[in-house]
Amino acid sequence: MKGLNRYDGYTFKAFRRQVGDTTGLPPNIIRTMAEDRLGNLWIGMDGNGLLYFDPYSGRYTTYRHNPANPHSLAHNDVYFIHQDQTGFIWAGTYGAAWTVLIPGLKPSPITGMIQRIQLPE
C-alpha cells in the first residue's frame with residue numbers, strides 16, 4: 001500500500017499524496033513516526049522535514065528548515081520523534097540538532113513555537 005495507511009480494526013484508509021495539494025503527504029521516505037497524547041501523528045521525513053498529521057480531519061502541516069528563520073526546523077532530515085513527560089515534542093534531526101515543539105500550541109515557524117537546540121559534538 002502506498003502512502004500513509006490507517007487500520008481501524010475493520011478497514012484500511014489510505015492517505016496519499018495528491019498532485020497540486022501543498023498540504024498533503026510529500027513524496028519521500030518516512031524515517032520515523034510517533035503518536036502524541038492527543039492521537040496526532042508526527043512524521044519524520046528524509047529530506048522533507050516534519051509532518052504533523054491530524055487523523056480526525058485528515059490534514060497535514062509540514063514544517064521545514066528555513067536558514068533565514070531560527071524558529072524553523074533545524075534540518076529537513078528527521079530521524080527521531082518523542083513526546084516527553086511534560087508534553088514537549090522532540091524532533092532529532094541531522095547534525096545532532098534537536099527541535100522542541102511547545103506543548104498545547106500548534107507549532108508555527110512564524111510565531112516561534114519551535115525552538116532549536118544544537119548539541120555539542
# chains A, B, ... in the order shown; residues from 1 in each chain; ligands from 1

call {"tool": "residues_around", "arguments": {"residues": "Asn5 (chain A)", "least_positions_apart": "3", "cutoff": "7 Å", "atoms": "only C-alpha atoms", "output": "PDB file with C-alpha atoms, in the first residue's frame"}}
result
ATOM      1  CA  PHE A  12      -7.810   0.441   5.825  1.00  0.00           C
ATOM      2  CA  LYS A  13      -7.925   4.122   4.933  1.00  0.00           C
ATOM      3  CA  ALA A  14      -5.064   5.328   2.747  1.00  0.00           C
ATOM      4  CA  PHE A  15      -3.797   8.906   2.845  1.00  0.00           C
TER       5      PHE A  15
END

call {"tool": "closest_residue", "arguments": {"among": "A:Asn40, A:Ser72, A:Asn66, A:Thr32", "to": "Asp54 (chain A)", "atoms": "only C-alpha atoms"}}
result
A:Asn40

call {"tool": "atom_distance", "arguments": {"atom1": "CA of Asn48 (chain A)", "atom2": "CA of Ile30 (chain A)"}}
result
9.2 Å

call {"tool": "closest_residue", "arguments": {"among": "A:Val100, A:Tyr52, A:Phe88, A:Gly95", "to": "Leu73 (chain A)", "atoms": "only C-alpha atoms"}}
result
A:Val100

call {"tool": "residues_around", "arguments": {"residues": "Arg31 (chain A)", "least_positions_apart": "5", "cutoff": "9 Å", "atoms": "only C-alpha atoms", "output": "compact mmCIF listing (two decimals) with N, CA and C atoms, in the first residue's frame"}}
result
# COMPACT_ATOMS: atom_id res chain seq x y z
N ILE A 43 5.44 12.86 11.83
CA ILE A 43 6.11 12.01 10.85
C ILE A 43 7.41 12.67 10.43
N GLY A 44 8.52 11.98 10.66
CA GLY A 44 9.83 12.48 10.27
C GLY A 44 10.20 11.99 8.89
N MET A 45 10.52 12.92 8.01
CA MET A 45 10.78 12.59 6.62
C MET A 45 12.27 12.67 6.30
N ASP A 46 12.65 12.00 5.24
CA ASP A 46 14.01 12.04 4.72
C ASP A 46 14.07 13.16 3.68
N ASP A 77 16.07 16.51 7.48
CA ASP A 77 16.16 15.07 7.70
C ASP A 77 15.86 14.81 9.17
N VAL A 78 14.69 14.21 9.45
CA VAL A 78 14.25 13.95 10.82
C VAL A 78 14.38 12.46 11.10
N TYR A 79 15.16 12.12 12.15
CA TYR A 79 15.46 10.73 12.47
C TYR A 79 14.76 10.21 13.73
N PHE A 80 14.27 11.12 14.57
CA PHE A 80 13.74 10.69 15.86
C PHE A 80 12.66 11.67 16.30

call {"tool": "residues_around", "arguments": {"residues": "region 58-65 of chain A", "least_positions_apart": "3", "cutoff": "6 Å", "atoms": "only C-alpha atoms", "output": "JSON, numbers by chain"}}
result
{"A": [23, 24, 49, 50, 51, 52, 53, 54, 55, 72, 73, 74, 75, 76]}

call {"tool": "closest_residue", "arguments": {"among": "A:Gly92, A:Gly9, A:Pro70, A:Gly87", "to": "Glu35 (chain A)", "atoms": "only C-alpha atoms"}}
result
A:Gly87
